[in-house]
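Trainee: Please read through the structure below; I'll follow up with questions.
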Amino acid sequence: MHTWLVGICDQLQNIRLVVWLVTARYAYPFIQWTHFTGLSLWLGTTLALDFRLLGAGRKFQTAAQLSDALFTWNWIGLGIAVLGGFTLFATAAVGYIDNPAFRLKLVVLLPLALSWHIFVQQKSRTWGRTPETPTVAKLAGLMEIMLWVSVGTAAVWIPNY
Amino acid sequence: MPRLCEWLEQIPWIVTITNSAVLISLVWLVHYIGFFLLVGTTAFVDLRILGAAARNQKLAPLAGQLFPFAWTGLGMVIVSGFIMFAGQATTFYPTAVFRIKMGIVLLAFIFGVVVQRKSAVWGRAPSVPAAAKWLAFASLALWIGAILAGLEVPAFIPV
């Protein structure tokens, strides 16, 4: 592990506000709350589009219409999740940076899933013009679901290290 | 009820899942993904009713498209939540914040059902009625409250 990175993480978790967040008994769940509220908006709207691309559920809207409707709050959700996630990270930065599950999530799986999401969201406007989506759209939706499940798997595994 | 909790904790397959780091992590994963699907889609419909999302799209088809995903998420949450509860039933059951969480979730569920049933009617009106906006606001607040209550549970569990 690079010592400079550990040094930055150490400084981050010793910021006075961060120390207070850790020591105040009921403050920590509020940071988790920010992260989870953002994740609900982000993943709820992301998975809804993926399922629509897969052809699961009803077909009241085309995938293109649904993508257009969800777009703004999808990204607002990510913004809230990142804000909460960064604060959560700051509370135990040295421990997180040394955690293999966290590193796998942050460095490999998250960038992959995020890049794929941007690709799928853009393409859904073309793929989703008709009620029935093409096979490539179904595969792309399935792939995105699998990528986010892998991100979640790494996240729930973090406490086991 | 305490006897039922003790019995739940001793069910062999519950013991197996609770004592396995891999299996209980999978249960947590299903719980989280189900909850994100449930809260994310329900909150989005609430935001649409409040006029804060997708105002260029009709309410009824949007709600009709999203609610089946919300109820799929609810199914995932109930199954995984039961397993998580059963594994530590004697610890969870007497905890006040756990009961508060379940109360909030039940209320949020009732509001969610009302919003779903009424969204087709509200969608036909020229503008969304004020009562609908109050219901949507309550639903949104309850689901966000349910997340907070859920996260507060571990802080109140005696170590």
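Ordered as shown in the structure tokens, chains take letters A, B, and onward, while each chain numbers its residues from 1 and ligands are numbered from 1 in the order shown.
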When the cut-off is 8 Å and we count only C-alpha atoms, which residues of chain A are near chain B, given as a ChimeraX atom specification?

Mentor: /A:25-26,29-30,32-33,36-37,39-45,47-48,57-61,66,68-70,72-73,149,152-153,156-157,160

Trainee: Give me the residues within 9 Å of stretch 109-115 of chain B as a VMD selection string, counting only C-alpha atoms and dropping any in the same chain fewer than 6 places off.

Mentor: chain B and resid 42 45 to 46 132 135 to 136 138 to 139 142 to 143

Trainee: If you count only C-alpha atoms, which residues fall within 9 Å of A:Thr87, apart from same-chain ones fewer than 3 positions away, as a list of chain:residue names?

Mentor: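 Here the answer would be A:Val18, A:Ile31, A:Gln32, A:His35, A:Val82, A:Leu83, A:Gly84, A:Ala90, A:Thr91.
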
Trainee: For N, CA and C atoms, I'd like the residues from the last selection saved as a PDB file, in the first residue's frame.

Mentor:
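Dumped to again.pdb:
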ATOM      1  N   VAL A  18     -15.279  14.933  10.961  1.00  0.00           N
ATOM      2  CA  VAL A  18     -15.349  13.477  10.743  1.00  0.00           C
ATOM      3  C   VAL A  18     -15.228  12.738  12.077  1.00  0.00           C
ATOM      4  N   ILE A  31     -25.410   9.413   8.264  1.00  0.00           N
ATOM      5  CA  ILE A  31     -24.543   9.390   7.066  1.00  0.00           C
ATOM      6  C   ILE A  31     -24.942   8.192   6.201  1.00  0.00           C
ATOM      7  N   GLN A  32     -25.159   7.062   6.867  1.00  0.00           N
ATOM      8  CA  GLN A  32     -25.606   5.865   6.130  1.00  0.00           C
ATOM      9  C   GLN A  32     -26.935   6.156   5.427  1.00  0.00           C
ATOM     10  N   HIS A  35     -26.433   7.982   2.238  1.00  0.00           N
ATOM     11  CA  HIS A  35     -25.923   7.041   1.232  1.00  0.00           C
ATOM     12  C   HIS A  35     -27.045   6.134   0.713  1.00  0.00           C
ATOM     13  N   VAL A  82     -23.097   9.418  -3.629  1.00  0.00           N
ATOM     14  CA  VAL A  82     -21.661   9.705  -3.599  1.00  0.00           C
ATOM     15  C   VAL A  82     -21.320  10.578  -2.387  1.00  0.00           C
ATOM     16  N   LEU A  83     -22.178  11.576  -2.128  1.00  0.00           N
ATOM     17  CA  LEU A  83     -21.966  12.458  -0.969  1.00  0.00           C
ATOM     18  C   LEU A  83     -21.937  11.642   0.335  1.00  0.00           C
ATOM     19  N   GLY A  84     -22.949  10.795   0.503  1.00  0.00           N
ATOM     20  CA  GLY A  84     -23.021   9.947   1.699  1.00  0.00           C
ATOM     21  C   GLY A  84     -21.898   8.927   1.727  1.00  0.00           C
ATOM     22  N   ALA A  90     -14.785   8.542   4.705  1.00  0.00           N
ATOM     23  CA  ALA A  90     -13.923   9.410   5.508  1.00  0.00           C
ATOM     24  C   ALA A  90     -13.875   8.977   6.972  1.00  0.00           C
ATOM     25  N   THR A  91     -14.973   8.390   7.471  1.00  0.00           N
ATOM     26  CA  THR A  91     -15.013   8.019   8.894  1.00  0.00           C
ATOM     27  C   THR A  91     -14.033   6.890   9.253  1.00  0.00           C
TER      28      THR A  91
END

Trainee: Mind checking which residues fall within 12 Å of A:Phe119, counting only C-alpha atoms, ignoring those fewer than 5 positions away in the same chain, and posting them as a VMD selection string?

Mentor: chain A and resid 112 to 114 124 to 127 137 140 to 141 143 to 144
